[in-house]
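*Asks:* To be precise about what I am sending: the file is called my_file_19.tsv and holds TSV, C-alpha atoms and all ligand atoms.
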chain	number	residue	atom	x	y	z
M	1	MET	CA	5.55	37.15	-22.39
M	2	PRO	CA	7.79	39.40	-20.24
M	3	ASP	CA	7.67	37.04	-17.24
M	4	GLY	CA	8.19	33.92	-19.40
M	5	ILE	CA	4.69	32.70	-18.53
M	6	PRO	CA	2.57	31.78	-21.56
M	7	ARG	CA	-0.59	33.82	-22.10
M	8	LEU	CA	-3.71	31.81	-22.88
M	9	GLU	CA	-6.79	33.33	-24.53
M	10	THR	CA	-10.35	32.07	-24.58
M	11	ASP	CA	-13.55	33.68	-25.89
M	12	ARG	CA	-14.00	35.86	-22.83
M	13	LEU	CA	-10.78	35.51	-20.88
M	14	LEU	CA	-7.09	36.25	-20.89
M	15	LEU	CA	-4.97	34.04	-18.65
M	16	ARG	CA	-1.65	35.65	-17.77
M	17	GLY	CA	1.03	35.24	-15.15
M	18	PRO	CA	0.51	36.76	-11.68
M	19	SER	CA	2.39	39.93	-10.73
M	20	SER	CA	2.62	42.44	-7.89
M	21	GLU	CA	-0.30	44.33	-9.49
M	22	ASP	CA	-2.61	41.46	-8.51
M	23	ALA	CA	-2.17	42.02	-4.78
M	24	ASP	CA	-5.49	43.87	-4.53
M	25	ALA	CA	-7.44	40.94	-6.06
M	26	TYR	CA	-5.75	38.51	-3.65
M	27	VAL	CA	-6.53	40.74	-0.67
M	28	ARG	CA	-10.18	41.12	-1.72
M	29	PHE	CA	-10.61	37.36	-2.26
M	30	TYR	CA	-8.97	36.29	0.99
M	31	ARG	CA	-10.70	38.86	3.21
M	32	ASP	CA	-14.07	37.47	2.06
M	33	ALA	CA	-14.53	34.67	4.61
M	34	GLU	CA	-17.34	32.99	2.69
M	35	ALA	CA	-15.70	33.12	-0.75
M	36	SER	CA	-12.33	31.84	0.49
M	37	HIS	CA	-13.67	29.31	3.00
M	38	TYR	CA	-12.39	26.23	1.11
M	39	TYR	CA	-9.24	27.97	-0.05
M	40	GLY	CA	-7.52	28.63	3.28
M	41	GLY	CA	-9.28	31.91	4.04
M	42	PRO	CA	-10.09	34.28	5.47
M	43	LEU	CA	-6.59	35.79	5.52
M	44	ARG	CA	-5.21	39.17	6.49
M	45	ALA	CA	-3.79	41.38	3.73
M	46	ASP	CA	-0.19	40.47	4.60
M	47	GLN	CA	-1.06	36.76	4.46
M	48	ALA	CA	-2.85	37.19	1.12
M	49	TRP	CA	0.26	38.92	-0.23
M	50	LYS	CA	2.30	35.86	0.78
M	51	ARG	CA	-0.10	33.66	-1.20
M	52	LEU	CA	0.54	35.86	-4.24
M	53	ALA	CA	4.30	35.60	-3.69
M	54	GLN	CA	3.92	31.82	-3.44
M	55	ASP	CA	1.95	31.66	-6.70
M	56	ILE	CA	4.56	33.81	-8.49
M	57	GLY	CA	7.37	31.67	-7.05
M	58	HIS	CA	5.68	28.42	-8.06
M	59	TRP	CA	6.34	29.24	-11.74
M	60	ARG	CA	10.08	29.54	-11.01
M	61	LEU	CA	10.19	26.45	-8.84
M	62	ARG	CA	8.11	24.07	-10.94
M	63	GLY	CA	7.96	25.62	-14.43
M	64	TYR	CA	4.16	25.81	-14.32
M	65	GLY	CA	1.65	27.43	-12.01
M	66	LEU	CA	-1.40	29.60	-11.60
M	67	TRP	CA	-2.61	32.13	-14.16
M	68	MET	CA	-4.62	35.24	-13.34
M	69	ILE	CA	-8.03	35.22	-15.01
M	70	GLU	CA	-8.79	38.57	-16.67
M	71	GLU	CA	-12.08	39.28	-18.39
M	72	ARG	CA	-11.05	40.54	-21.83
M	73	ARG	CA	-14.03	42.89	-22.15
M	74	THR	CA	-13.19	44.85	-19.01
M	75	GLY	CA	-9.54	43.99	-18.29
M	76	GLU	CA	-10.63	43.22	-14.71
M	77	VAL	CA	-9.08	40.35	-12.74
M	78	GLN	CA	-11.76	37.78	-11.85
M	79	GLY	CA	-9.64	35.16	-10.06
M	80	GLY	CA	-6.98	32.55	-10.72
M	81	CYS	CA	-6.74	29.12	-12.33
M	82	GLY	CA	-3.79	26.85	-12.89
M	83	LEU	CA	-1.70	23.86	-11.97
M	84	LEU	CA	-0.09	23.73	-8.56
M	85	TRP	CA	1.97	21.13	-6.77
M	86	ALA	CA	2.49	21.97	-3.12
M	87	GLU	CA	5.70	20.51	-1.72
M	88	GLY	CA	5.02	17.27	0.15
M	89	TRP	CA	1.71	16.65	-1.65
M	90	PRO	CA	1.48	13.59	-3.88
M	91	ARG	CA	0.90	15.22	-7.28
M	92	SER	CA	-0.08	18.40	-9.07
M	93	GLU	CA	-3.68	19.55	-9.26
M	94	LEU	CA	-5.87	21.88	-11.28
M	95	THR	CA	-7.01	24.64	-8.96
M	96	TRP	CA	-9.25	27.69	-9.15
M	97	TRP	CA	-10.48	30.67	-7.19
M	98	LEU	CA	-12.91	33.35	-8.26
M	99	LEU	CA	-13.86	36.59	-6.57
M	100	GLY	CA	-17.36	36.26	-5.13
M	101	GLU	CA	-18.96	38.48	-7.78
M	102	ALA	CA	-17.27	36.56	-10.64
M	103	ARG	CA	-18.99	33.25	-9.88
M	104	GLY	CA	-21.86	31.67	-11.76
M	105	ARG	CA	-20.70	32.96	-15.17
M	106	GLY	CA	-18.69	29.95	-16.32
M	107	PHE	CA	-15.31	31.68	-15.98
M	108	ALA	CA	-13.70	28.82	-14.02
M	109	THR	CA	-14.94	26.26	-16.56
M	110	GLU	CA	-13.66	28.32	-19.49
M	111	ALA	CA	-10.28	28.99	-17.85
M	112	SER	CA	-9.91	25.33	-16.83
M	113	ARG	CA	-10.44	24.11	-20.39
M	114	ALA	CA	-7.64	26.39	-21.60
M	115	VAL	CA	-5.33	25.25	-18.80
M	116	ILE	CA	-6.04	21.55	-19.41
M	117	ALA	CA	-5.45	22.06	-23.15
M	118	TYR	CA	-2.15	23.78	-22.34
M	119	ALA	CA	-1.07	20.95	-20.01
M	120	ILE	CA	-1.84	18.22	-22.51
M	121	ARG	CA	-0.86	19.90	-25.78
M	122	GLN	CA	1.94	22.29	-24.83
M	123	ALA	CA	3.43	20.83	-21.68
M	124	GLY	CA	2.94	17.20	-22.75
M	125	TRP	CA	1.14	16.06	-19.61
M	126	ASP	CA	-0.68	12.76	-19.82
M	127	HIS	CA	-3.66	13.99	-17.85
M	128	VAL	CA	-4.74	16.55	-15.25
M	129	GLU	CA	-6.15	15.81	-11.80
M	130	THR	CA	-7.98	17.77	-9.18
M	131	HIS	CA	-9.40	17.18	-5.71
M	132	MET	CA	-11.44	19.15	-3.23
M	133	ASP	CA	-13.04	19.08	0.21
M	134	ASP	CA	-16.09	16.79	0.13
M	135	ARG	CA	-18.31	19.71	1.16
M	136	ASN	CA	-17.08	22.05	-1.60
M	137	GLU	CA	-20.07	21.57	-3.87
M	138	PRO	CA	-19.26	24.31	-6.47
M	139	ALA	CA	-15.78	22.82	-6.98
M	140	ARG	CA	-17.21	19.31	-7.28
M	141	ARG	CA	-19.76	20.48	-9.89
M	142	LEU	CA	-16.94	22.18	-11.77
M	143	ALA	CA	-14.85	18.99	-11.82
M	144	LEU	CA	-17.85	17.06	-13.17
M	145	ARG	CA	-18.50	19.75	-15.81
M	146	LEU	CA	-14.90	19.24	-16.93
M	147	GLY	CA	-15.58	15.54	-17.46
M	148	GLY	CA	-13.94	14.58	-14.18
M	149	GLN	CA	-14.10	10.99	-13.01
M	150	VAL	CA	-13.21	9.83	-9.52
M	151	ILE	CA	-10.11	7.63	-9.78
M	152	ALA	CA	-9.18	7.36	-6.12
M	153	ARG	CA	-10.03	8.32	-2.58
M	154	GLU	CA	-6.82	9.46	-0.94
M	155	LEU	CA	-5.52	10.61	2.42
M	156	PHE	CA	-3.66	13.91	1.95
M	157	PRO	CA	-0.81	15.33	4.05
M	158	ASP	CA	-3.23	17.67	5.90
M	159	GLY	CA	-4.96	14.57	7.32
M	160	LYS	CA	-8.11	14.93	5.15
M	161	GLU	CA	-9.45	12.32	2.76
M	162	ARG	CA	-10.56	13.56	-0.64
M	163	ASN	CA	-11.80	12.11	-3.93
M	164	VAL	CA	-9.27	12.52	-6.74
M	165	TYR	CA	-10.77	13.44	-10.12
M	166	ARG	CA	-9.07	12.71	-13.42
M	167	LEU	CA	-10.13	15.38	-15.91
M	168	ALA	CA	-10.77	14.10	-19.39
M	169	PRO	CA	-8.94	15.86	-22.20
M	170	ALA	CA	-11.94	15.16	-24.41
M	171	GLY	CA	-13.85	18.25	-25.48
M	172	LEU	CA	-10.85	20.55	-25.31
M	173	PRO	CA	-11.10	23.85	-27.18
F	1	LIG	C1	-14.81	26.56	-7.30
F	1	LIG	C2	-15.25	27.84	-7.99
F	1	LIG	C3	-14.10	28.41	-8.82
F	1	LIG	C4	-16.44	27.50	-8.91
F	1	LIG	O1	-16.95	28.71	-9.44
F	1	LIG	P1	-18.27	28.71	-10.34
F	1	LIG	O2	-18.57	30.12	-10.67
F	1	LIG	O3	-19.32	27.88	-9.70
F	1	LIG	O4	-17.81	27.92	-11.65
F	1	LIG	P2	-17.83	28.50	-13.13
F	1	LIG	O5	-17.15	29.83	-13.14
F	1	LIG	O6	-17.32	27.46	-14.02
F	1	LIG	O7	-19.37	28.80	-13.37
F	1	LIG	C5	-20.26	27.72	-13.51
F	1	LIG	C6	-21.63	28.16	-13.07
F	1	LIG	O8	-22.03	29.29	-13.84
F	1	LIG	C7	-23.15	28.95	-14.65
F	1	LIG	N1	-22.93	29.61	-15.94
F	1	LIG	C8	-23.47	30.80	-16.30
F	1	LIG	N2	-23.01	31.16	-17.50
F	1	LIG	C9	-22.18	30.20	-17.94
F	1	LIG	C10	-21.42	30.03	-19.13
F	1	LIG	N3	-21.41	30.94	-20.09
F	1	LIG	N4	-20.65	28.91	-19.23
F	1	LIG	C11	-20.65	27.97	-18.27
F	1	LIG	N5	-21.35	28.09	-17.11
F	1	LIG	C12	-22.13	29.21	-16.95
F	1	LIG	C13	-23.19	27.44	-14.69
F	1	LIG	O9	-24.50	26.95	-14.87
F	1	LIG	C14	-22.66	27.08	-13.31
F	1	LIG	O10	-23.62	27.22	-12.32
F	1	LIG	P3	-24.06	25.92	-11.43
F	1	LIG	O11	-22.81	25.34	-10.82
F	1	LIG	O12	-24.99	26.54	-10.43
F	1	LIG	O13	-24.68	25.01	-12.39
F	1	LIG	C15	-15.72	28.90	-6.96
F	1	LIG	O14	-16.77	28.38	-6.20
F	1	LIG	C16	-14.61	29.38	-6.04
F	1	LIG	O15	-13.83	30.26	-6.37
F	1	LIG	N6	-14.54	28.80	-4.81
F	1	LIG	C17	-13.51	29.21	-3.82
F	1	LIG	C18	-12.18	28.60	-4.12
F	1	LIG	C19	-12.26	27.11	-4.09
F	1	LIG	O16	-12.91	26.55	-3.23
F	1	LIG	N7	-11.58	26.48	-5.04
F	1	LIG	C20	-11.54	25.03	-5.15
F	1	LIG	C21	-10.62	24.45	-4.19
F	1	LIG	S1	-10.49	22.72	-4.41
Translate the structure described by the file into structure tokens.
Ligand SMILES: CC(C)(COP(=O)(O)OP(=O)(O)OC[C@H]1O[C@@H](n2cnc3c(N)ncnc32)[C@H](O)[C@@H]1OP(=O)(O)O)[C@@H](O)C(=O)NCCC(=O)NCCS
*Replies:*
Amino acid sequence: MPDGIPRLETDRLLLRGPSSEDADAYVRFYRDAEASHYYGGPLRADQAWKRLAQDIGHWRLRGYGLWMIEERRTGEVQGGCGLLWAEGWPRSELTWWLLGEARGRGFATEASRAVIAYAIRQAGWDHVETHMDDRNEPARRLALRLGGQVIARELFPDGKERNVYRLAPAGLP
């Protein structure tokens, strides 16, 4: 744990802290307008690098953050998953992004279960929440797969209303 960030392992995945070596994955994700549509993209390479810097800094600022998702079989980065709390936003949220070609294989579900287990068992959180744009159907399906239940409809600081899902710790690995 050279960066102080815990490493989490699942059947197929290694979750580890982000580093400068992940810049290429960030650039590839954010230049794909379709893949990054509900995640603030598309972004230029310099803007994607700032997102990586932000995700690395979040660990220092909050003590938790986003892990890189590596497929153990290949060692390739497939995306990111973790717990983020943007300054000014009401609470933390479980968040995910996968490279376009990494979708539809259950990686986000598998990574999320490990992150929720970490939050509840290691970090002592009471529960984990998430929220997404109403039109982000893959993210909504993912929240439901994770046992998510809508606990509120809230107006967020960006002026958009979103459903807030509470993710059940039941069924953790
Ligand atoms: C949100 C996002 C991470 C969901 O990705 P995803 O690939 O659909 O989710 P998973 O990796 O959990 O894969 C689940 C899908 O793979 C299928 N699948 C295949 N093999 C699987 C396996 N071994 N285990 C579980 N699911 C599997 C599931 O049936 C499911 O497909 P379905 O939704 O069509 O039923 C992805 O769409 C993304 O990166 N979006 C851009 C970023 C974003 O919008 N993030 C959310 C912001 S709020």
*Asks:* Between atom CA of M:Leu84 and atom O4 of ligand LIG 1 (chain F), what is the spacing in Å?
*Replies:*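 Straight-line distance from atom O4 of ligand LIG 1 (chain F) to atom CA of M:Leu84 works out to 18.5 Å.
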*Asks:* Produce the centre coordinates and the three edge lengths, each in Å to one decimal, of the box along x, y and z that contains all listed atoms of ligand LIG 1 (chain F) with 4 Å added on each side, as AutoDock Vina command-line options.
*Replies:*
--center_x -17.7 --center_y 26.9 --center_z -11.7 --size_x 22.5 --size_y 16.4 --size_z 24.9
*Asks:* Hey, which residues come within 10 Å of ligand LIG 1 (chain F) if we count all atoms listed in the file? Could you give them as a ChimeraX atom specification?
*Replies:* /M:12,29-30,34-41,78-81,93-113,130-146,162
*Asks:* I'd like to know which of M:Gly147, M:Gly63, M:Glu161, M:Pro42 is closest to M:Leu83, using all atoms listed in the file.
*Replies:* M:Gly63
*Asks:* What separation in Å, quoted to one decimal, exists between atom CA of M:Gly17 and atom CA of M:Val164?
*Replies:* 26.3 Å
*Asks:* At what distance in Å, to one decimal, does atom CA of M:Val27 lie from atom CA of M:Pro6?
*Replies:*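 According to the coordinates, atom CA of M:Pro6 and atom CA of M:Val27 are separated by 24.5 Å.
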*Asks:* Do you know which residues are at most 10 Å from stretch 43-49 of chain M counting only C-alpha atoms, after dropping those on the same chain fewer than 5 positions away, and could you put them as a count of residues only?
*Replies:* 17
*Asks:* For M:Val150, find every residue with an atom within 8 Å (counting all atoms listed in the file), except residues of its own chain fewer than 4 positions away, and show them as a ChimeraX atom specification.
*Replies:* /M:163-166
*Asks:* Nearest residue to M:Pro18 out of M:Ala152, M:Ile5, M:Ala168, M:Ile56, using all atoms listed in the file?
*Replies:*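 Closest to M:Pro18, using all atoms listed in the file: M:Ile56.
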*Asks:* Taking into account all atoms listed in the file, which residue in the set M:Leu8, M:Ala53, M:Leu14, M:Ala123 is nearest to M:Thr74?
*Replies:*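 Selected residue with least distance to M:Thr74: M:Leu14.
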*Asks:* Identify the residues within 7 Å of coordinate (2.1, 23.3, -7.6) (same frame as the file), considering only C-alpha atoms, and give the answer as a list in words.
*Replies:* His58, Arg62, Gly65, Leu83, Leu84, Trp85, Ala86 and Ser92 of chain M
